[in-house]
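Enquirer: Data: target-v8.cif, mmCIF, C-alpha atoms and all ligand atoms.
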data_entry
#
loop_
_atom_site.label_atom_id
_atom_site.label_comp_id
_atom_site.auth_asym_id
_atom_site.auth_seq_id
_atom_site.Cartn_x
_atom_site.Cartn_y
_atom_site.Cartn_z
CA LEU A 1 -56.82 -38.39 -36.93
CA ALA A 2 -58.03 -38.51 -33.35
CA VAL A 3 -57.36 -41.77 -31.58
CA THR A 4 -59.29 -42.43 -28.42
CA SER A 5 -57.91 -45.70 -27.13
CA ALA A 6 -54.32 -46.78 -27.50
CA THR A 7 -54.14 -50.57 -27.41
CA SER A 8 -50.61 -50.67 -26.09
CA ARG A 9 -48.46 -48.65 -23.74
CA LEU A 10 -45.33 -49.67 -25.64
CA LEU A 11 -44.19 -46.79 -27.81
CA GLU A 12 -42.85 -49.16 -30.46
CA GLU A 13 -46.30 -50.72 -30.88
CA MET A 14 -48.09 -47.37 -31.12
CA THR A 15 -48.54 -45.23 -34.23
CA TRP A 16 -47.08 -41.76 -34.37
CA VAL A 17 -50.58 -40.35 -34.12
CA GLU A 18 -51.14 -42.21 -30.85
CA VAL A 19 -47.80 -40.98 -29.53
CA ARG A 20 -48.70 -37.40 -30.43
CA GLU A 21 -52.01 -37.80 -28.65
CA ALA A 22 -50.22 -39.15 -25.58
CA ALA A 23 -47.86 -36.17 -25.50
CA ASP A 24 -50.74 -33.75 -26.07
CA ARG A 25 -52.77 -35.10 -23.14
CA GLY A 26 -49.72 -34.83 -20.85
CA ALA A 27 -48.88 -38.52 -20.56
CA GLY A 28 -45.47 -39.37 -19.14
CA VAL A 29 -42.88 -41.67 -20.66
CA LEU A 30 -40.72 -44.31 -19.03
CA LEU A 31 -37.36 -45.34 -20.51
CA PRO A 32 -36.19 -48.81 -19.41
CA VAL A 33 -32.42 -49.35 -19.42
CA GLY A 34 -30.91 -52.81 -18.96
CA SER A 35 -27.98 -54.81 -20.25
CA THR A 36 -27.06 -57.78 -22.43
CA GLU A 37 -25.11 -59.63 -19.79
CA GLN A 38 -24.58 -63.19 -18.63
CA HIS A 39 -26.79 -64.14 -15.69
CA GLY A 40 -25.36 -67.56 -14.89
CA PRO A 41 -26.22 -70.84 -16.60
CA HIS A 42 -29.89 -70.56 -15.62
CA LEU A 43 -31.07 -67.06 -16.67
CA PRO A 44 -31.13 -65.31 -20.08
CA LEU A 45 -28.79 -62.49 -21.06
CA ALA A 46 -31.80 -60.18 -21.30
CA THR A 47 -32.60 -60.49 -17.57
CA ASP A 48 -31.84 -56.85 -16.72
CA ALA A 49 -33.54 -55.54 -19.87
CA LEU A 50 -36.65 -57.65 -19.25
CA LEU A 51 -36.96 -56.65 -15.59
CA ALA A 52 -36.48 -52.96 -16.42
CA ARG A 53 -39.22 -53.17 -19.05
CA ASP A 54 -41.54 -55.24 -16.84
CA LEU A 55 -41.22 -52.66 -14.10
CA ALA A 56 -41.87 -49.77 -16.47
CA LEU A 57 -44.96 -51.53 -17.86
CA ALA A 58 -46.28 -52.38 -14.41
CA ALA A 59 -45.96 -48.76 -13.28
CA ALA A 60 -47.32 -47.42 -16.58
CA ALA A 61 -50.47 -49.46 -16.20
CA GLU A 62 -51.39 -47.66 -12.98
CA LEU A 63 -50.56 -44.13 -14.14
CA ASP A 64 -50.76 -42.40 -17.49
CA PHE A 65 -47.32 -43.32 -18.82
CA ILE A 66 -46.15 -44.93 -22.01
CA VAL A 67 -42.98 -47.05 -22.26
CA ALA A 68 -40.20 -46.25 -24.72
CA PRO A 69 -38.17 -49.07 -26.35
CA THR A 70 -35.75 -50.63 -23.88
CA ILE A 71 -32.08 -49.73 -24.13
CA ALA A 72 -30.75 -53.28 -24.01
CA TYR A 73 -27.01 -52.52 -24.05
CA GLY A 74 -25.56 -51.32 -20.80
CA TYR A 75 -22.21 -50.32 -19.39
CA ARG A 76 -19.39 -52.86 -19.03
CA SER A 77 -20.05 -55.84 -16.80
CA ARG A 78 -17.68 -55.63 -13.85
CA PRO A 79 -16.28 -58.85 -12.36
CA LEU A 80 -17.29 -58.11 -8.77
CA SER A 81 -20.86 -57.12 -9.62
CA GLY A 82 -21.68 -58.89 -12.89
CA GLY A 83 -19.00 -61.48 -13.57
CA GLY A 84 -17.13 -59.33 -16.06
CA PRO A 85 -16.88 -59.39 -19.84
CA GLY A 86 -15.45 -62.89 -20.24
CA PHE A 87 -18.74 -64.74 -20.73
CA GLN A 88 -19.98 -65.38 -24.26
CA GLY A 89 -22.87 -63.18 -25.26
CA THR A 90 -22.19 -60.44 -22.73
CA THR A 91 -22.19 -57.34 -24.93
CA ALA A 92 -21.64 -53.89 -23.48
CA VAL A 93 -21.01 -50.33 -24.52
CA ARG A 94 -18.55 -47.88 -23.00
CA GLY A 95 -19.84 -45.31 -20.54
CA THR A 96 -19.73 -42.42 -22.99
CA THR A 97 -21.75 -44.43 -25.55
CA LEU A 98 -24.41 -45.32 -23.00
CA MET A 99 -24.62 -41.71 -21.86
CA ALA A 100 -24.92 -40.49 -25.45
CA VAL A 101 -27.72 -42.94 -26.28
CA VAL A 102 -29.74 -42.15 -23.15
CA GLU A 103 -29.23 -38.40 -23.61
CA ASP A 104 -30.25 -38.54 -27.29
CA VAL A 105 -33.38 -40.59 -26.58
CA LEU A 106 -34.49 -38.38 -23.67
CA GLY A 107 -33.84 -35.27 -25.77
CA GLN A 108 -36.02 -36.50 -28.60
CA LEU A 109 -38.83 -37.51 -26.25
CA ILE A 110 -38.69 -33.98 -24.82
CA ASP A 111 -38.76 -32.60 -28.40
CA ASP A 112 -41.87 -34.74 -28.99
CA GLY A 113 -43.59 -32.84 -26.20
CA PHE A 114 -43.21 -35.19 -23.23
CA GLU A 115 -42.59 -33.34 -19.99
CA ARG A 116 -42.75 -36.13 -17.40
CA LEU A 117 -39.97 -38.62 -18.05
CA ALA A 118 -38.39 -41.38 -16.01
CA VAL A 119 -35.35 -43.58 -16.52
CA VAL A 120 -35.95 -47.08 -15.14
CA ASN A 121 -32.54 -48.73 -14.87
CA TRP A 122 -31.96 -52.30 -13.68
CA HIS A 123 -28.24 -52.92 -14.45
CA TYR A 124 -25.97 -52.24 -11.49
CA GLU A 125 -23.10 -50.85 -13.57
CA ASN A 126 -25.30 -48.27 -15.36
CA GLN A 127 -25.58 -46.15 -12.23
CA ASN A 128 -24.27 -42.58 -12.55
CA PHE A 129 -24.13 -42.84 -16.35
CA VAL A 130 -27.93 -42.66 -16.59
CA TYR A 131 -28.00 -39.80 -14.10
CA GLU A 132 -25.39 -37.88 -16.08
CA ALA A 133 -27.30 -38.49 -19.32
CA ALA A 134 -30.52 -37.12 -17.79
CA HIS A 135 -28.62 -34.11 -16.52
CA LEU A 136 -27.12 -33.41 -19.95
CA ALA A 137 -30.46 -33.93 -21.73
CA LEU A 138 -32.17 -31.35 -19.54
CA GLU A 139 -29.26 -28.96 -19.83
CA ALA A 140 -29.45 -29.18 -23.63
CA LYS A 141 -33.23 -28.72 -23.61
CA GLU A 142 -33.22 -25.89 -21.14
CA GLN A 143 -35.51 -23.86 -23.40
CA TRP A 144 -38.35 -26.28 -22.66
CA ARG A 145 -38.10 -25.56 -18.98
CA ARG A 146 -41.03 -27.74 -17.99
CA ALA A 147 -39.53 -31.18 -18.61
CA LYS A 148 -38.65 -33.23 -15.55
CA VAL A 149 -36.74 -36.53 -15.39
CA LEU A 150 -36.92 -38.99 -12.52
CA VAL A 151 -33.93 -41.35 -12.43
CA THR A 152 -34.05 -44.73 -10.72
CA GLU A 153 -30.67 -46.42 -10.60
CA LEU A 154 -31.46 -49.47 -8.43
CA PRO A 155 -35.26 -49.72 -8.12
CA PHE A 156 -35.02 -52.70 -5.75
CA GLY A 157 -32.82 -51.04 -3.15
CA ASP A 158 -35.58 -50.17 -0.70
CA LEU A 159 -37.33 -53.44 0.13
CA SER A 160 -38.98 -53.80 3.55
CA ALA A 161 -37.19 -55.58 6.38
CA ASP A 162 -39.73 -58.44 6.15
CA THR A 163 -39.10 -58.99 2.46
CA MET A 164 -35.33 -58.77 2.91
CA GLN A 165 -35.66 -61.42 5.63
CA LEU A 166 -37.81 -63.63 3.38
CA LEU A 167 -35.36 -63.33 0.49
CA PHE A 168 -32.01 -63.45 2.23
CA GLY A 169 -32.55 -64.54 5.82
CA ASP A 170 -29.68 -63.18 7.89
CA GLU A 171 -27.24 -63.40 4.99
CA PHE A 172 -27.88 -60.44 2.71
CA PRO A 173 -24.74 -60.38 0.55
CA GLY A 174 -25.09 -56.78 -0.77
CA TRP A 175 -26.75 -55.59 -3.99
CA ASP A 176 -23.46 -55.73 -5.89
CA VAL A 177 -23.45 -59.54 -5.85
CA GLU A 178 -27.23 -59.93 -6.13
CA HIS A 179 -26.61 -60.77 -9.78
CA ALA A 180 -28.37 -63.87 -11.10
CA GLY A 181 -28.85 -64.48 -7.37
CA ILE A 182 -31.87 -65.00 -5.13
CA MET A 183 -33.85 -61.87 -6.05
CA GLU A 184 -33.27 -61.74 -9.80
CA THR A 185 -33.88 -65.48 -10.15
CA SER A 186 -37.06 -65.28 -8.04
CA LEU A 187 -38.36 -62.38 -10.16
CA MET A 188 -37.63 -64.22 -13.39
CA MET A 189 -39.39 -67.34 -12.06
CA LEU A 190 -42.42 -65.14 -11.40
CA LEU A 191 -42.37 -63.04 -14.59
CA HIS A 192 -40.65 -65.20 -17.23
CA PRO A 193 -40.77 -68.82 -16.04
CA ASP A 194 -40.29 -70.08 -19.60
CA LEU A 195 -36.82 -68.47 -19.68
CA VAL A 196 -35.56 -69.89 -16.37
CA HIS A 197 -33.59 -73.16 -16.22
CA MET A 198 -33.59 -73.89 -12.49
CA GLU A 199 -32.08 -77.33 -12.97
CA ARG A 200 -28.89 -75.56 -14.12
CA ALA A 201 -28.72 -73.02 -11.29
CA VAL A 202 -25.61 -73.19 -9.11
CA ASP A 203 -24.69 -71.38 -5.91
CA ASP A 204 -21.38 -69.70 -6.47
CA GLN A 205 -19.19 -66.75 -5.58
CA SER A 206 -15.82 -65.37 -6.52
CA GLU A 207 -12.84 -66.78 -4.64
CA ARG A 208 -11.90 -63.26 -3.66
CA HIS A 209 -14.19 -60.24 -3.30
CA PRO A 210 -12.10 -57.37 -1.95
CA TRP A 211 -13.36 -53.84 -1.38
CA TYR A 212 -11.25 -52.52 -4.29
CA ASP A 213 -10.99 -53.37 -7.98
CA VAL A 214 -8.02 -54.45 -10.09
CA LEU A 215 -7.25 -54.21 -13.81
CA PRO A 216 -6.52 -56.40 -15.67
CA VAL A 217 -9.09 -58.59 -13.95
CA PRO A 218 -7.58 -61.21 -11.60
CA SER A 219 -9.08 -64.61 -12.38
CA ASP A 220 -10.05 -65.24 -8.76
CA PHE A 221 -12.47 -62.27 -8.97
CA VAL A 222 -14.60 -64.23 -11.46
CA PRO A 223 -16.83 -67.16 -10.43
CA GLU A 224 -16.77 -69.91 -13.03
CA SER A 225 -20.58 -70.11 -13.38
CA GLY A 226 -21.18 -66.37 -13.60
CA CYS A 227 -23.41 -66.59 -10.50
CA LEU A 228 -22.31 -64.28 -7.72
CA TRP A 229 -24.53 -65.70 -5.00
CA ARG A 230 -27.18 -68.40 -4.36
CA PRO A 231 -29.86 -68.73 -7.03
CA THR A 232 -30.92 -72.20 -5.81
CA GLN A 233 -32.68 -70.40 -2.93
CA ALA A 234 -34.95 -68.54 -5.34
CA THR A 235 -38.73 -69.16 -5.23
CA VAL A 236 -41.81 -67.71 -6.91
CA GLU A 237 -43.06 -66.68 -3.47
CA LYS A 238 -39.91 -64.57 -2.93
CA GLY A 239 -40.39 -63.11 -6.39
CA GLU A 240 -43.97 -62.11 -5.60
CA ALA A 241 -43.03 -60.41 -2.33
CA ALA A 242 -40.18 -58.46 -3.93
CA TRP A 243 -42.10 -57.51 -7.08
CA ARG A 244 -45.10 -56.19 -5.17
CA GLU A 245 -42.84 -53.79 -3.26
CA VAL A 246 -40.66 -52.82 -6.22
CA VAL A 247 -43.70 -51.90 -8.32
CA ALA A 248 -45.39 -50.06 -5.43
CA ALA A 249 -42.21 -48.07 -4.77
CA MET A 250 -41.94 -47.09 -8.44
CA VAL A 251 -45.60 -46.02 -8.59
CA ALA A 252 -45.16 -44.00 -5.40
CA ALA A 253 -42.05 -42.29 -6.76
CA LEU A 254 -43.83 -41.34 -9.98
CA ASN A 255 -46.85 -40.09 -8.04
CA THR A 256 -44.69 -38.05 -5.69
CA ASP A 257 -42.37 -36.42 -8.19
CA LEU A 258 -43.82 -36.84 -11.66
CA SER A 259 -47.52 -36.19 -11.20
CA THR A 260 -46.84 -32.64 -12.37
CA THR A 261 -44.18 -30.99 -14.47
CA VAL A 262 -41.70 -28.47 -13.17
CA ASP A 263 -43.35 -25.83 -11.04
CA SER A 264 -43.74 -22.89 -13.41
CA GLN A 265 -43.10 -20.47 -10.52
CA ARG A 266 -39.59 -21.74 -10.29
CA TYR A 267 -38.78 -20.46 -13.76
CA LYS A 268 -40.76 -17.25 -13.74
CA ASP A 269 -38.65 -14.54 -15.32
ZN ZN A 301 -29.11 -58.51 -13.48
#
Take the structure in the file and write it out as C-alpha cells.
Expert:
Amino acid sequence: LAVTSATSRLLEEMTWVEVREAADRGAGVLLPVGSTEQHGPHLPLATDALLARDLALAAAAELDFIVAPTIAYGYRSRPLSGGGPGFQGTTAVRGTTLMAVVEDVLGQLIDDGFERLAVVNWHYENQNFVYEAAHLALEAKEQWRRAKVLVTELPFGDLSADTMQLLFGDEFPGWDVEHAGIMETSLMMLLHPDLVHMERAVDDQSERHPWYDVLPVPSDFVPESGCLWRPTQATVEKGEAAWREVVAAMVAALNTDLSTTVDSQRYKD
C-alpha cells in the first residue's frame, strides 16, 4: 500500500492511504478558513474562502504541508467590516458553531497523527474564534502533547511600507474596511481573473463609520454596494506585490514555528 508520490496537496483529492503516508512522514497540515460573504457587485461570495485556500496551497508547495478542505462558512458579517448580513447569499454561522467546527476538524487531524497544524484564516470577523478553537482542540488532545497549531488571523496585516504605499498611497483606510477593496480586488484579479467583474466595481463607503457598534444595525452603517472602500483602484500589479509578501510571510512563519513539533523537553515528566 505504499504510495511514493501524492499528485495533490489537497486532502480531499488524496486517498486515505496517501494521507496516512503524509502523517507518517511528519507532513504538516494547513486548514483554510474563509466565509460565504458578499464582496460587492464585482467579486464572488467565495472571495475569503478562495484566498485562504490559495494562500495555504502556495505555502504548502514550498514546505511539506497538505491542505485540508476549506471551511467556507465564517462568523457573522459585521456592517462596519463586511457590510453585514443584509446582502443575498451572505451565509454565516454563529461564533460557537464556527469554533465547534474548527475544533472538531483540528482534533481529528491530530487523531490522524498530524503534529504540525496551521489555521489560515482570511475573514476579518473570524478572528479570536479560530484562536479559541485551536486552544480548545489542543486542550482536549493534551495526551498527544506533541501537536502544535499556528494560528493566522489576518495573514495580510504585515505588508512592507513600500507595498502599503503602492496599494493605498497615503490613504490606508484600515484593514476593517479593506473588504472587497483595493487589496482583495487586486488579489482576485491576479489569482481568479475569471471571477472578477471590474466593470461593476464601485468605490463606496458607509455614510457613518464610528468607533463603536450598534444593534440593531443602523442603515447608515451599510454601504449600498457592499463595498467598503475603493476597488476601482485595484490592479494586477498591486495584487502581485501584495501576494508575494503574504506568501513569503506565511512560509516564514511556518518555517519559524512549525518546522518542528513541540519541544519534547518541555513536557518531560
Ligand atoms: Zn474578504
Enquirer: Could you list, as JSON, numbers by chain, every residue within 7 Å of segment 85-89 of chain A, counting all atoms listed in the file and ignoring same-chain residues fewer than 5 positions away?
Expert: {"A": [37, 38, 77]}
Enquirer: Please indicate the distance in Å from atom CA of Ala249 of chain A to atom CA of Pro32 of chain A, rounded to one decimal place.
Expert: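 Interatomic distance, atom CA of Ala249 of chain A to atom CA of Pro32 of chain A: 15.8 Å.
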Enquirer: Choose the residue, out of A:Asp220, A:Glu132, A:Glu13, A:Glu178, that has the smallest atom-to-atom separation from ligand ZN 301 (chain A); count only C-alpha atoms and all ligand atoms.
Expert: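 Between A:Asp220, A:Glu132, A:Glu13, A:Glu178, the residue approaching ligand ZN 301 (chain A) most closely is A:Glu178.
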Enquirer: Around ligand ZN 301 (chain A), which protein and nucleic acid residues have at least one atom no more than 7 Å from it, if we count all atoms listed in the file? List them as a list in words.
Expert: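 Based on all atoms listed in the file, ligand ZN 301 (chain A) is surrounded within 7 Å by His39, Thr47, Asp48, Trp122, His123, His179, Ala180 and Glu184 of chain A.
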Enquirer: Hey, could you pull the box centre and edge lengths for segment 46-53 of chain A, axis-aligned, 5 Å padding per side, all listed atoms, to one decimal in Å, as JSON?
Expert:
{"center_x": -35.5, "center_y": -56.7, "center_z": -18.4, "size_x": 17.4, "size_y": 17.5, "size_z": 15.7}
Enquirer: Choose the residue, out of A:Glu12, A:Glu245, A:Asp204, A:Asp194, that has the smallest atom-to-atom separation from Pro155 of chain A; count all atoms listed in the file.
Expert: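 Checking each of A:Glu12, A:Glu245, A:Asp204, A:Asp194 against Pro155 of chain A, counting all atoms listed in the file, the winner is A:Glu245.
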Enquirer: Would you mind reading off the distance between atom CA of Leu106 of chain A and atom CA of Ala133 of chain A, one decimal, in Å?
Expert: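 Value for the atom CA of Leu106 of chain A-atom CA of Ala133 of chain A distance: 8.4 Å.
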Enquirer: For the contact check between segment 26-89 of chain A and segment 226-230 of chain A, emit one row per residue of segment 26-89 of chain A within 9 Å, containing the shortest atom pair and the distance in Å rounded to one decimal, counting all atoms listed in the file, chain then rising number order, as a tab-separated table.
Expert:
residue	atom	partner	partner_atom	distance
A:Gln38	CA	A:Gly226	CA	6.9
A:His39	CA	A:Gly226	CA	6.4
A:Gly40	CA	A:Gly226	CA	4.5
A:Pro41	CA	A:Gly226	CA	7.4
A:Leu80	CA	A:Leu228	CA	8.0
A:Ser81	CA	A:Leu228	CA	7.5
A:Gly82	CA	A:Leu228	CA	7.5
A:Gly83	CA	A:Gly226	CA	5.4
A:Gly84	CA	A:Gly226	CA	8.5
A:Phe87	CA	A:Gly226	CA	7.7
Enquirer: I want to know what sits within 9 Å of Leu136 of chain A, based on all atoms listed in the file, with residues of the same chain fewer than 5 positions away left out; could you give that as a list in words?
Expert: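 Near neighbours after the sequence-gap exclusion: Met99, Glu103, Tyr131 and Lys141 of chain A.
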Enquirer: So that I can check the surroundings of Ala22 of chain A, please list as a ChimeraX atom specification every protein, DNA and RNA residue that reaches within 12 Å of it, counting all atoms listed in the file and ignoring chain neighbours fewer than 2 positions away.
Expert: /A:2-6,8-11,14-20,24-29,64-67,109,112-116
